[in-house]
Every structure is written in structure tokens, then in C-alpha cells.
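**Q** If it helps, the file is called entry.cif and holds mmCIF, N, CA and C atoms:
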```cif
data_run
#
loop_
_atom_site.label_atom_id
_atom_site.label_comp_id
_atom_site.auth_asym_id
_atom_site.auth_seq_id
_atom_site.Cartn_x
_atom_site.Cartn_y
_atom_site.Cartn_z
N MET T 1037 15.86 5.48 29.78
CA MET T 1037 14.84 6.38 29.33
C MET T 1037 15.43 7.25 28.21
N VAL T 1038 14.66 7.42 27.16
CA VAL T 1038 15.08 8.22 26.01
C VAL T 1038 14.13 9.40 25.87
N SER T 1039 14.68 10.58 25.68
CA SER T 1039 13.81 11.73 25.45
C SER T 1039 13.91 12.13 23.99
N GLN T 1040 12.91 12.85 23.51
CA GLN T 1040 12.87 13.22 22.11
C GLN T 1040 12.20 14.58 21.97
N ALA T 1041 12.78 15.43 21.14
CA ALA T 1041 12.16 16.71 20.79
C ALA T 1041 12.31 16.86 19.28
N PHE T 1042 11.26 17.25 18.60
CA PHE T 1042 11.34 17.41 17.16
C PHE T 1042 10.36 18.47 16.70
N GLN T 1043 10.66 19.06 15.56
CA GLN T 1043 9.80 20.07 14.95
C GLN T 1043 9.00 19.39 13.85
N VAL T 1044 7.69 19.46 13.92
CA VAL T 1044 6.86 18.88 12.89
C VAL T 1044 7.05 19.71 11.62
N ALA T 1045 7.23 19.06 10.48
CA ALA T 1045 7.55 19.75 9.22
C ALA T 1045 6.40 20.64 8.75
N SER T 1046 6.76 21.65 7.98
CA SER T 1046 5.74 22.53 7.39
C SER T 1046 6.11 22.89 5.96
N ALA T 1047 6.80 21.98 5.26
CA ALA T 1047 7.29 22.26 3.92
C ALA T 1047 6.33 21.86 2.80
N ASN T 1048 5.30 21.11 3.11
CA ASN T 1048 4.34 20.72 2.08
C ASN T 1048 3.18 21.69 2.03
N TRP T 1049 2.55 21.80 0.85
CA TRP T 1049 1.48 22.78 0.65
C TRP T 1049 0.18 22.13 0.20
N GLY T 1050 0.05 20.82 0.34
CA GLY T 1050 -1.16 20.12 -0.10
C GLY T 1050 -2.20 20.02 1.00
N ALA T 1051 -2.94 18.92 0.98
CA ALA T 1051 -4.03 18.70 1.94
C ALA T 1051 -3.51 18.67 3.37
N THR T 1052 -4.32 19.19 4.28
CA THR T 1052 -3.95 19.20 5.70
C THR T 1052 -5.02 18.50 6.53
N SER T 1053 -4.60 17.99 7.67
CA SER T 1053 -5.47 17.37 8.66
C SER T 1053 -4.91 17.73 10.03
N PRO T 1054 -5.71 17.62 11.08
CA PRO T 1054 -5.17 17.88 12.42
C PRO T 1054 -4.07 16.87 12.78
N VAL T 1055 -3.12 17.30 13.60
CA VAL T 1055 -2.08 16.38 14.09
C VAL T 1055 -2.75 15.40 15.04
N GLU T 1056 -2.51 14.11 14.82
CA GLU T 1056 -3.04 13.06 15.69
C GLU T 1056 -1.87 12.34 16.34
N MET T 1057 -1.93 12.17 17.63
CA MET T 1057 -0.88 11.47 18.36
C MET T 1057 -1.33 10.04 18.63
N TYR T 1058 -0.64 9.06 18.01
CA TYR T 1058 -0.97 7.65 18.23
C TYR T 1058 -0.14 7.07 19.36
N LYS T 1059 1.06 7.59 19.53
CA LYS T 1059 2.02 7.11 20.53
C LYS T 1059 2.21 5.60 20.37
N ASP T 1060 1.95 4.82 21.41
CA ASP T 1060 2.15 3.37 21.31
C ASP T 1060 0.84 2.63 21.01
N LYS T 1061 -0.17 3.33 20.53
CA LYS T 1061 -1.46 2.71 20.21
C LYS T 1061 -1.54 2.20 18.77
N ALA T 1062 -0.52 2.50 17.95
CA ALA T 1062 -0.57 2.11 16.54
C ALA T 1062 0.71 1.34 16.17
N PRO T 1063 0.77 0.03 16.50
CA PRO T 1063 1.95 -0.75 16.10
C PRO T 1063 1.96 -0.95 14.58
N ILE T 1064 3.10 -0.77 13.98
CA ILE T 1064 3.27 -0.95 12.54
C ILE T 1064 4.46 -1.86 12.28
N THR T 1065 4.62 -2.29 11.05
CA THR T 1065 5.81 -3.01 10.62
C THR T 1065 6.41 -2.22 9.47
N ASP T 1066 7.64 -1.76 9.65
CA ASP T 1066 8.33 -0.92 8.67
C ASP T 1066 9.34 -1.76 7.90
N CYS T 1067 9.06 -1.99 6.63
CA CYS T 1067 9.93 -2.81 5.77
C CYS T 1067 10.62 -1.98 4.69
N ARG T 1068 10.65 -0.65 4.83
CA ARG T 1068 11.21 0.21 3.79
C ARG T 1068 12.68 -0.05 3.53
N SER T 1069 13.44 -0.52 4.50
CA SER T 1069 14.87 -0.77 4.30
C SER T 1069 15.12 -2.13 3.66
N GLY T 1070 14.08 -2.94 3.52
CA GLY T 1070 14.25 -4.30 3.03
C GLY T 1070 14.25 -5.30 4.18
N VAL T 1071 14.43 -4.81 5.40
CA VAL T 1071 14.36 -5.63 6.61
C VAL T 1071 13.15 -5.14 7.39
N CYS T 1072 12.24 -6.04 7.72
CA CYS T 1072 11.03 -5.64 8.44
C CYS T 1072 11.31 -5.51 9.93
N ARG T 1073 10.90 -4.38 10.48
CA ARG T 1073 11.11 -4.11 11.90
C ARG T 1073 9.81 -3.63 12.54
N PRO T 1074 9.50 -4.13 13.73
CA PRO T 1074 8.32 -3.63 14.43
C PRO T 1074 8.57 -2.21 14.93
N ALA T 1075 7.55 -1.38 14.89
CA ALA T 1075 7.69 0.01 15.35
C ALA T 1075 6.30 0.52 15.73
N TYR T 1076 6.25 1.80 16.08
CA TYR T 1076 4.99 2.47 16.37
C TYR T 1076 4.86 3.70 15.50
N LEU T 1077 3.66 3.95 15.02
CA LEU T 1077 3.37 5.19 14.30
C LEU T 1077 3.07 6.22 15.38
N TRP T 1078 4.05 7.10 15.66
CA TRP T 1078 3.94 8.01 16.80
C TRP T 1078 2.89 9.10 16.55
N PHE T 1079 2.87 9.63 15.33
CA PHE T 1079 1.86 10.64 14.97
C PHE T 1079 1.61 10.52 13.47
N ASN T 1080 0.66 11.29 12.95
CA ASN T 1080 0.27 11.15 11.55
C ASN T 1080 1.14 12.01 10.62
N GLY T 1081 2.43 11.75 10.65
CA GLY T 1081 3.35 12.38 9.70
C GLY T 1081 3.12 11.83 8.30
N TYR T 1082 3.71 12.47 7.30
CA TYR T 1082 3.50 12.06 5.90
C TYR T 1082 4.14 10.71 5.62
N ILE T 1083 3.35 9.82 5.06
CA ILE T 1083 3.82 8.53 4.55
C ILE T 1083 3.34 8.46 3.11
N SER T 1084 4.24 8.28 2.17
CA SER T 1084 3.88 8.22 0.76
C SER T 1084 2.88 7.10 0.51
N PRO T 1085 1.87 7.36 -0.33
CA PRO T 1085 0.91 6.30 -0.67
C PRO T 1085 1.59 5.08 -1.32
N LEU T 1086 2.79 5.26 -1.87
CA LEU T 1086 3.50 4.15 -2.50
C LEU T 1086 4.01 3.14 -1.47
N VAL T 1087 4.26 3.56 -0.24
CA VAL T 1087 4.76 2.63 0.79
C VAL T 1087 3.71 2.27 1.83
N ALA T 1088 2.64 3.04 1.91
CA ALA T 1088 1.58 2.75 2.88
C ALA T 1088 0.84 1.48 2.48
N GLY T 1089 1.02 0.43 3.25
CA GLY T 1089 0.35 -0.84 2.96
C GLY T 1089 1.00 -1.66 1.86
N ALA T 1090 2.16 -1.24 1.35
CA ALA T 1090 2.83 -1.98 0.27
C ALA T 1090 3.31 -3.34 0.78
N ALA T 1091 3.17 -4.36 -0.06
CA ALA T 1091 3.57 -5.72 0.31
C ALA T 1091 5.09 -5.84 0.48
N ARG T 1092 5.85 -5.14 -0.36
CA ARG T 1092 7.32 -5.17 -0.27
C ARG T 1092 7.82 -3.76 -0.05
N ASN T 1093 8.81 -3.62 0.79
CA ASN T 1093 9.46 -2.33 1.06
C ASN T 1093 8.45 -1.24 1.42
N GLY T 1094 7.49 -1.60 2.24
CA GLY T 1094 6.47 -0.64 2.66
C GLY T 1094 6.23 -0.66 4.15
N ILE T 1095 5.13 -0.06 4.55
CA ILE T 1095 4.74 0.01 5.96
C ILE T 1095 3.35 -0.61 6.09
N SER T 1096 3.23 -1.61 6.96
CA SER T 1096 1.93 -2.23 7.18
C SER T 1096 1.45 -1.93 8.60
N GLY T 1097 0.15 -2.01 8.80
CA GLY T 1097 -0.42 -1.77 10.12
C GLY T 1097 -0.84 -0.33 10.34
N ILE T 1098 -0.81 0.49 9.29
CA ILE T 1098 -1.23 1.89 9.41
C ILE T 1098 -2.72 1.92 9.76
N PRO T 1099 -3.11 2.72 10.75
CA PRO T 1099 -4.52 2.74 11.17
C PRO T 1099 -5.47 3.09 10.02
N SER T 1100 -6.66 2.49 10.04
CA SER T 1100 -7.65 2.84 9.02
C SER T 1100 -8.07 4.29 9.25
N GLY T 1101 -8.32 4.99 8.20
CA GLY T 1101 -8.67 6.40 8.32
C GLY T 1101 -7.47 7.32 8.49
N TYR T 1102 -6.25 6.76 8.40
CA TYR T 1102 -5.03 7.57 8.53
C TYR T 1102 -5.00 8.66 7.46
N LYS T 1103 -4.74 9.88 7.87
CA LYS T 1103 -4.51 11.00 6.95
C LYS T 1103 -3.33 11.78 7.48
N PRO T 1104 -2.32 12.04 6.64
CA PRO T 1104 -1.18 12.81 7.13
C PRO T 1104 -1.61 14.23 7.49
N TYR T 1105 -0.95 14.81 8.49
CA TYR T 1105 -1.30 16.18 8.88
C TYR T 1105 -0.94 17.17 7.79
N LEU T 1106 -0.01 16.81 6.92
CA LEU T 1106 0.42 17.70 5.85
C LEU T 1106 0.98 16.85 4.71
N ALA T 1107 0.47 17.05 3.50
CA ALA T 1107 0.89 16.25 2.35
C ALA T 1107 1.35 17.19 1.24
N PRO T 1108 2.16 16.69 0.30
CA PRO T 1108 2.54 17.53 -0.84
C PRO T 1108 1.33 17.82 -1.73
N ILE T 1109 1.42 18.85 -2.53
CA ILE T 1109 0.35 19.22 -3.45
C ILE T 1109 0.03 18.05 -4.39
N ASN T 1110 1.07 17.44 -4.95
CA ASN T 1110 0.91 16.33 -5.90
C ASN T 1110 1.08 15.02 -5.15
N ASN T 1111 -0.03 14.45 -4.67
CA ASN T 1111 0.05 13.26 -3.84
C ASN T 1111 -0.70 12.07 -4.44
N THR T 1112 -0.90 12.08 -5.75
CA THR T 1112 -1.55 10.97 -6.43
C THR T 1112 -0.51 10.18 -7.21
N PRO T 1113 -0.23 8.92 -6.80
CA PRO T 1113 0.77 8.13 -7.52
C PRO T 1113 0.47 8.05 -9.01
N GLY T 1114 1.50 8.22 -9.82
CA GLY T 1114 1.36 8.16 -11.27
C GLY T 1114 1.07 9.51 -11.90
N ALA T 1115 0.65 10.49 -11.11
CA ALA T 1115 0.37 11.83 -11.64
C ALA T 1115 1.69 12.56 -11.88
N PRO T 1116 1.70 13.54 -12.79
CA PRO T 1116 2.92 14.32 -13.00
C PRO T 1116 3.37 14.97 -11.68
N ASN T 1117 4.65 14.98 -11.44
CA ASN T 1117 5.25 15.60 -10.26
C ASN T 1117 4.80 14.96 -8.95
N PHE T 1118 4.46 13.66 -8.95
CA PHE T 1118 4.02 12.99 -7.73
C PHE T 1118 5.05 13.17 -6.61
N GLY T 1119 4.55 13.46 -5.42
CA GLY T 1119 5.40 13.54 -4.23
C GLY T 1119 6.10 14.87 -4.03
N ASN T 1120 5.73 15.89 -4.80
CA ASN T 1120 6.38 17.19 -4.60
C ASN T 1120 5.34 18.31 -4.63
N ASN T 1121 5.82 19.52 -4.56
CA ASN T 1121 4.95 20.70 -4.53
C ASN T 1121 5.11 21.55 -5.79
N ASN T 1122 5.45 20.91 -6.92
CA ASN T 1122 5.60 21.64 -8.17
C ASN T 1122 4.24 21.94 -8.79
N VAL T 1123 4.13 23.11 -9.40
CA VAL T 1123 2.89 23.51 -10.07
C VAL T 1123 3.23 24.07 -11.44
N SER T 1124 2.26 24.04 -12.35
CA SER T 1124 2.43 24.58 -13.69
C SER T 1124 1.97 26.04 -13.67
N VAL T 1125 2.84 26.93 -14.10
CA VAL T 1125 2.53 28.36 -14.10
C VAL T 1125 2.44 28.84 -15.55
N PRO T 1126 1.28 29.42 -15.96
CA PRO T 1126 1.16 29.93 -17.33
C PRO T 1126 1.93 31.25 -17.48
N LEU T 1127 2.66 31.37 -18.58
CA LEU T 1127 3.41 32.60 -18.86
C LEU T 1127 2.63 33.46 -19.85
N ARG T 1128 3.01 34.72 -19.97
CA ARG T 1128 2.30 35.65 -20.87
C ARG T 1128 2.34 35.20 -22.32
N ASN T 1129 3.41 34.49 -22.70
CA ASN T 1129 3.51 34.06 -24.10
C ASN T 1129 2.72 32.78 -24.39
N GLY T 1130 1.95 32.30 -23.41
CA GLY T 1130 1.10 31.14 -23.62
C GLY T 1130 1.74 29.81 -23.23
N THR T 1131 3.01 29.81 -22.95
CA THR T 1131 3.66 28.57 -22.53
C THR T 1131 3.49 28.39 -21.02
N HIS T 1132 3.86 27.22 -20.54
CA HIS T 1132 3.79 26.93 -19.11
C HIS T 1132 5.17 26.51 -18.63
N VAL T 1133 5.46 26.83 -17.37
CA VAL T 1133 6.70 26.40 -16.75
C VAL T 1133 6.33 25.72 -15.44
N THR T 1134 7.03 24.64 -15.13
CA THR T 1134 6.81 23.93 -13.87
C THR T 1134 7.80 24.46 -12.85
N THR T 1135 7.28 24.85 -11.70
CA THR T 1135 8.13 25.42 -10.66
C THR T 1135 7.61 25.00 -9.29
N ALA T 1136 8.46 25.09 -8.28
CA ALA T 1136 8.04 24.76 -6.92
C ALA T 1136 7.07 25.82 -6.42
N TYR T 1137 5.98 25.38 -5.81
CA TYR T 1137 4.98 26.30 -5.29
C TYR T 1137 5.56 27.13 -4.15
N SER T 1138 5.24 28.39 -4.15
CA SER T 1138 5.63 29.29 -3.08
C SER T 1138 4.51 30.31 -2.92
N PRO T 1139 4.02 30.52 -1.70
CA PRO T 1139 2.95 31.49 -1.53
C PRO T 1139 3.42 32.88 -1.98
N GLU T 1140 2.47 33.69 -2.42
CA GLU T 1140 2.78 35.06 -2.84
C GLU T 1140 3.53 35.75 -1.70
N PRO T 1141 4.69 36.36 -1.99
CA PRO T 1141 5.51 36.92 -0.92
C PRO T 1141 4.82 37.98 -0.07
N GLU T 1142 3.90 38.74 -0.64
CA GLU T 1142 3.30 39.81 0.13
C GLU T 1142 1.91 39.47 0.65
N ALA T 1143 1.42 38.27 0.36
CA ALA T 1143 0.09 37.90 0.83
C ALA T 1143 0.16 37.56 2.32
N PRO T 1144 -0.85 37.95 3.09
CA PRO T 1144 -0.83 37.57 4.50
C PRO T 1144 -1.04 36.07 4.63
N THR T 1145 -0.17 35.43 5.37
CA THR T 1145 -0.27 33.99 5.57
C THR T 1145 -0.13 33.68 7.04
N ARG T 1146 -0.64 32.55 7.43
CA ARG T 1146 -0.48 32.08 8.80
C ARG T 1146 -0.07 30.62 8.72
N ILE T 1147 1.07 30.31 9.23
CA ILE T 1147 1.59 28.95 9.20
C ILE T 1147 1.66 28.46 10.64
N LEU T 1148 1.05 27.32 10.90
CA LEU T 1148 1.14 26.73 12.23
C LEU T 1148 2.19 25.64 12.20
N LYS T 1149 3.16 25.72 13.10
CA LYS T 1149 4.20 24.72 13.20
C LYS T 1149 4.11 24.07 14.56
N PRO T 1150 3.52 22.88 14.64
CA PRO T 1150 3.49 22.23 15.94
C PRO T 1150 4.89 21.87 16.40
N SER T 1151 5.18 22.11 17.63
CA SER T 1151 6.45 21.75 18.23
C SER T 1151 6.17 20.64 19.24
N CYS T 1152 6.77 19.48 19.04
CA CYS T 1152 6.46 18.33 19.90
C CYS T 1152 7.65 17.96 20.75
N THR T 1153 7.41 17.75 22.01
CA THR T 1153 8.45 17.29 22.92
C THR T 1153 7.87 16.24 23.83
N GLY T 1154 8.71 15.40 24.38
CA GLY T 1154 8.21 14.42 25.34
C GLY T 1154 9.14 13.23 25.43
N LEU T 1155 8.73 12.26 26.22
CA LEU T 1155 9.50 11.05 26.41
C LEU T 1155 8.91 9.94 25.56
N LEU T 1156 9.79 9.17 24.92
CA LEU T 1156 9.32 8.07 24.09
C LEU T 1156 8.55 7.04 24.91
N THR T 1157 8.96 6.85 26.15
CA THR T 1157 8.36 5.80 26.95
C THR T 1157 7.11 6.24 27.71
N THR T 1158 6.83 7.54 27.74
CA THR T 1158 5.66 7.96 28.51
C THR T 1158 4.68 8.73 27.65
N ARG T 1159 4.92 9.99 27.42
CA ARG T 1159 3.94 10.77 26.68
C ARG T 1159 4.61 11.80 25.79
N LEU T 1160 3.85 12.31 24.87
CA LEU T 1160 4.32 13.32 23.94
C LEU T 1160 3.28 14.42 23.89
N THR T 1161 3.72 15.66 24.00
CA THR T 1161 2.78 16.77 23.95
C THR T 1161 3.14 17.68 22.79
N CYS T 1162 2.13 18.26 22.18
CA CYS T 1162 2.34 19.18 21.05
C CYS T 1162 1.64 20.49 21.34
N ARG T 1163 2.24 21.55 20.88
CA ARG T 1163 1.58 22.84 20.91
C ARG T 1163 1.84 23.50 19.57
N CYS T 1164 0.92 24.31 19.12
CA CYS T 1164 1.07 24.98 17.83
C CYS T 1164 1.66 26.36 18.04
N ILE T 1165 2.68 26.66 17.26
CA ILE T 1165 3.32 27.96 17.29
C ILE T 1165 2.97 28.64 15.99
N GLY T 1166 2.29 29.76 16.04
CA GLY T 1166 1.86 30.44 14.82
C GLY T 1166 2.88 31.46 14.35
N PHE T 1167 3.06 31.53 13.06
CA PHE T 1167 3.93 32.52 12.44
C PHE T 1167 3.08 33.30 11.44
N SER T 1168 3.17 34.59 11.46
CA SER T 1168 2.39 35.41 10.54
C SER T 1168 3.32 36.26 9.70
N ARG T 1169 2.92 36.44 8.47
CA ARG T 1169 3.63 37.35 7.58
C ARG T 1169 2.61 38.42 7.20
N LEU T 1170 2.95 39.66 7.41
CA LEU T 1170 2.01 40.75 7.15
C LEU T 1170 2.30 41.41 5.83
N ARG T 1171 1.26 41.92 5.20
CA ARG T 1171 1.38 42.61 3.92
C ARG T 1171 2.16 43.90 4.13
N LYS T 1172 3.09 44.18 3.20
CA LYS T 1172 3.85 45.43 3.26
C LYS T 1172 2.94 46.62 2.92
N GLU T 1173 3.19 47.70 3.59
CA GLU T 1173 2.44 48.93 3.28
C GLU T 1173 2.96 49.50 1.99
N SER T 1174 2.06 49.92 1.10
CA SER T 1174 2.51 50.52 -0.17
C SER T 1174 2.74 52.01 0.03
N GLY T 1175 3.68 52.54 -0.74
CA GLY T 1175 3.90 53.97 -0.69
C GLY T 1175 5.21 54.39 -0.24
#
```
Give the structure from this file in C-alpha cells form.
**A**
Amino acid sequence: MVSQAFQVASANWGATSPVEMYKDKAPITDCRSGVCRPAYLWFNGYISPLVAGAARNGISGIPSGYKPYLAPINNTPGAPNFGNNNVSVPLRNGTHVTTAYSPEPEAPTRILKPSCTGLLTTRLTCRCIGFSRLRKESG
């Protein structure tokens, strides 16, 4: 018996969807290493559109309607900055600079980080742990 505990990532700032647990209901074939291996898509973690369904060095068998629970801002293949969270910021002098997106430091935010634990052979449970950042008082 193998146990597993992991923290679901929260580093992307793009589109979001609810966490879906597939467990052993979604068999896939993972060929990203060049060797195809049978596996299971345990939950809807981020899979790049470049490898999802790719004939070579990709992942096949992904459920129809699959949406990652969290994706990068730039998630359109071929678009500038594909696969990351970089954004173009206009400067006062009229130029633009590309930088990694970061929420305004003093803006109130709420980030949910699901924490998942369970046994690979039986079940996996997730609960959401909320983190809040409060606006600083001025003065």
C-alpha cells in the first residue's frame, strides 16, 4: 500500500475551474518521456495544450470536457509568453515592459489552496484551505 499527500499548486493566475477527482476512473497513456506508460489522471491538474492529445510525446485518453483547475494567464499555444503568467505593463513614458503577474500587494485577495491526502489504492480527499491578505490601514 502506498500513501500520498500533496499540495495542489496555486502559482498560476489564469482561468480556474473546480478541482475534479478522477482517481482510477480516467486511464491515460503518458508518452511525454518518449516511452508510453499507462497511468491514471488522478485529478484535473494543469496539462499543457501542447501535450494534451498529442500524437508524439503527449498524453492521450484525457477525459472529454477536461479543464485544469488552474491554468497560466497565457495558455494559447503560439501566443506571446505561452505557458506563463507574464503580462505587458504600460509605463508612463509610453513604452511597455513584460513582467510576471503579481496581484497588487495591498489589495484584499483570497487564495484557496486545496490540500489533498489519501491512499493511491483507495481514495483521495481534498479540502480547501483559505488564505486572506487584508488591506493595510493608512495613516
**Q** Tell me which protein, DNA and RNA residues are within 8 Å of region 1122-1135 of chain T, counting all atoms listed in the file, leaving out same-chain ones fewer than 6 positions away, and put them as a PDB file with N, CA and C atoms, keeping the file's coordinate frame.
**A**
```
ATOM      1  N   PRO T1108       2.160  16.690   0.300  1.00  0.00           N
ATOM      2  CA  PRO T1108       2.540  17.530  -0.840  1.00  0.00           C
ATOM      3  C   PRO T1108       1.330  17.820  -1.730  1.00  0.00           C
ATOM      4  N   ILE T1109       1.420  18.850  -2.530  1.00  0.00           N
ATOM      5  CA  ILE T1109       0.350  19.220  -3.450  1.00  0.00           C
ATOM      6  C   ILE T1109       0.030  18.050  -4.390  1.00  0.00           C
ATOM      7  N   ASN T1110       1.070  17.440  -4.950  1.00  0.00           N
ATOM      8  CA  ASN T1110       0.910  16.330  -5.900  1.00  0.00           C
ATOM      9  C   ASN T1110       1.080  15.020  -5.150  1.00  0.00           C
ATOM     10  N   PRO T1116       1.700  13.540 -12.790  1.00  0.00           N
ATOM     11  CA  PRO T1116       2.920  14.320 -13.000  1.00  0.00           C
ATOM     12  C   PRO T1116       3.370  14.970 -11.680  1.00  0.00           C
TER      13      PRO T1116
END
```
**Q** If we count only C-alpha atoms and set the cut-off at 10 Å, which residues sit around region 1084-1100 of chain T, ignoring sequence neighbours fewer than 5 positions away in its own chain? Please answer as a list in words.
**A**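 Once the adjacent positions are removed, what remains is Tyr1058, Lys1061, Ala1062, Pro1063, Ile1064, Thr1065, Asp1066, Cys1067, Arg1068, Ser1069, Gly1070, Val1071, Cys1072, Arg1073, Pro1074, Ala1075, Tyr1076, Leu1077, Ala1107, Pro1108, Asn1111, Thr1112, Pro1113, Gly1114, Phe1118 and Gly1119 of chain T.
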**Q** Could you please take those selected residues and save N, CA and C atoms as an mmCIF file, keeping the file's coordinate frame?
**A**
```cif
data_model
loop_
_atom_site.group_PDB
_atom_site.id
_atom_site.type_symbol
_atom_site.label_atom_id
_atom_site.label_comp_id
_atom_site.auth_asym_id
_atom_site.auth_seq_id
_atom_site.Cartn_x
_atom_site.Cartn_y
_atom_site.Cartn_z
ATOM 1 N N TYR T 1058 -0.640 9.060 18.010
ATOM 2 C CA TYR T 1058 -0.970 7.650 18.230
ATOM 3 C C TYR T 1058 -0.140 7.070 19.360
ATOM 4 N N LYS T 1061 -0.170 3.330 20.530
ATOM 5 C CA LYS T 1061 -1.460 2.710 20.210
ATOM 6 C C LYS T 1061 -1.540 2.200 18.770
ATOM 7 N N ALA T 1062 -0.520 2.500 17.950
ATOM 8 C CA ALA T 1062 -0.570 2.110 16.540
ATOM 9 C C ALA T 1062 0.710 1.340 16.170
ATOM 10 N N PRO T 1063 0.770 0.030 16.500
ATOM 11 C CA PRO T 1063 1.950 -0.750 16.100
ATOM 12 C C PRO T 1063 1.960 -0.950 14.580
ATOM 13 N N ILE T 1064 3.100 -0.770 13.980
ATOM 14 C CA ILE T 1064 3.270 -0.950 12.540
ATOM 15 C C ILE T 1064 4.460 -1.860 12.280
ATOM 16 N N THR T 1065 4.620 -2.290 11.050
ATOM 17 C CA THR T 1065 5.810 -3.010 10.620
ATOM 18 C C THR T 1065 6.410 -2.220 9.470
ATOM 19 N N ASP T 1066 7.640 -1.760 9.650
ATOM 20 C CA ASP T 1066 8.330 -0.920 8.670
ATOM 21 C C ASP T 1066 9.340 -1.760 7.900
ATOM 22 N N CYS T 1067 9.060 -1.990 6.630
ATOM 23 C CA CYS T 1067 9.930 -2.810 5.770
ATOM 24 C C CYS T 1067 10.620 -1.980 4.690
ATOM 25 N N ARG T 1068 10.650 -0.650 4.830
ATOM 26 C CA ARG T 1068 11.210 0.210 3.790
ATOM 27 C C ARG T 1068 12.680 -0.050 3.530
ATOM 28 N N SER T 1069 13.440 -0.520 4.500
ATOM 29 C CA SER T 1069 14.870 -0.770 4.300
ATOM 30 C C SER T 1069 15.120 -2.130 3.660
ATOM 31 N N GLY T 1070 14.080 -2.940 3.520
ATOM 32 C CA GLY T 1070 14.250 -4.300 3.030
ATOM 33 C C GLY T 1070 14.250 -5.300 4.180
ATOM 34 N N VAL T 1071 14.430 -4.810 5.400
ATOM 35 C CA VAL T 1071 14.360 -5.630 6.610
ATOM 36 C C VAL T 1071 13.150 -5.140 7.390
ATOM 37 N N CYS T 1072 12.240 -6.040 7.720
ATOM 38 C CA CYS T 1072 11.030 -5.640 8.440
ATOM 39 C C CYS T 1072 11.310 -5.510 9.930
ATOM 40 N N ARG T 1073 10.900 -4.380 10.480
ATOM 41 C CA ARG T 1073 11.110 -4.110 11.900
ATOM 42 C C ARG T 1073 9.810 -3.630 12.540
ATOM 43 N N PRO T 1074 9.500 -4.130 13.730
ATOM 44 C CA PRO T 1074 8.320 -3.630 14.430
ATOM 45 C C PRO T 1074 8.570 -2.210 14.930
ATOM 46 N N ALA T 1075 7.550 -1.380 14.890
ATOM 47 C CA ALA T 1075 7.690 0.010 15.350
ATOM 48 C C ALA T 1075 6.300 0.520 15.730
ATOM 49 N N TYR T 1076 6.250 1.800 16.080
ATOM 50 C CA TYR T 1076 4.990 2.470 16.370
ATOM 51 C C TYR T 1076 4.860 3.700 15.500
ATOM 52 N N LEU T 1077 3.660 3.950 15.020
ATOM 53 C CA LEU T 1077 3.370 5.190 14.300
ATOM 54 C C LEU T 1077 3.070 6.220 15.380
ATOM 55 N N ALA T 1107 0.470 17.050 3.500
ATOM 56 C CA ALA T 1107 0.890 16.250 2.350
ATOM 57 C C ALA T 1107 1.350 17.190 1.240
ATOM 58 N N PRO T 1108 2.160 16.690 0.300
ATOM 59 C CA PRO T 1108 2.540 17.530 -0.840
ATOM 60 C C PRO T 1108 1.330 17.820 -1.730
ATOM 61 N N ASN T 1111 -0.030 14.450 -4.670
ATOM 62 C CA ASN T 1111 0.050 13.260 -3.840
ATOM 63 C C ASN T 1111 -0.700 12.070 -4.440
ATOM 64 N N THR T 1112 -0.900 12.080 -5.750
ATOM 65 C CA THR T 1112 -1.550 10.970 -6.430
ATOM 66 C C THR T 1112 -0.510 10.180 -7.210
ATOM 67 N N PRO T 1113 -0.230 8.920 -6.800
ATOM 68 C CA PRO T 1113 0.770 8.130 -7.520
ATOM 69 C C PRO T 1113 0.470 8.050 -9.010
ATOM 70 N N GLY T 1114 1.500 8.220 -9.820
ATOM 71 C CA GLY T 1114 1.360 8.160 -11.270
ATOM 72 C C GLY T 1114 1.070 9.510 -11.900
ATOM 73 N N PHE T 1118 4.460 13.660 -8.950
ATOM 74 C CA PHE T 1118 4.020 12.990 -7.730
ATOM 75 C C PHE T 1118 5.050 13.170 -6.610
ATOM 76 N N GLY T 1119 4.550 13.460 -5.420
ATOM 77 C CA GLY T 1119 5.400 13.540 -4.230
ATOM 78 C C GLY T 1119 6.100 14.870 -4.030
#
```
**Q** Point out the residue among T:Ala1115, T:Pro1139, T:Asn1121, T:Pro1104 with the least atom-to-atom distance to Pro1054 (chain T), counting only C-alpha atoms.
**A** T:Pro1104
**Q** Running the PyMOL selection byres (((chain T and resi 1057 and name CA) around 8) and name CA) on this model by hand, what would come out? Give it as a ChimeraX atom specification.
**A** /T:1055-1056,1058-1059,1078-1080,1160
**Q** Find the distance between CA of Tyr1105 (chain T) and CA of Ala1051 (chain T) and write it in Å to one decimal.
**A**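 Rounded to one decimal, the two atoms are 7.9 Å apart.
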**Q** So how far away is atom C of Asn1120 (chain T) from atom N of Lys1103 (chain T), in Å?
**A**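 We find that atom N of Lys1103 (chain T) and atom C of Asn1120 (chain T) lie 18.1 Å from each other.
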**Q** In Å, how far is it from CA of Ser1138 (chain T) to CA of Leu1106 (chain T)?
**A**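 Result for CA of Ser1138 (chain T) versus CA of Leu1106 (chain T): 15.5 Å, one decimal.
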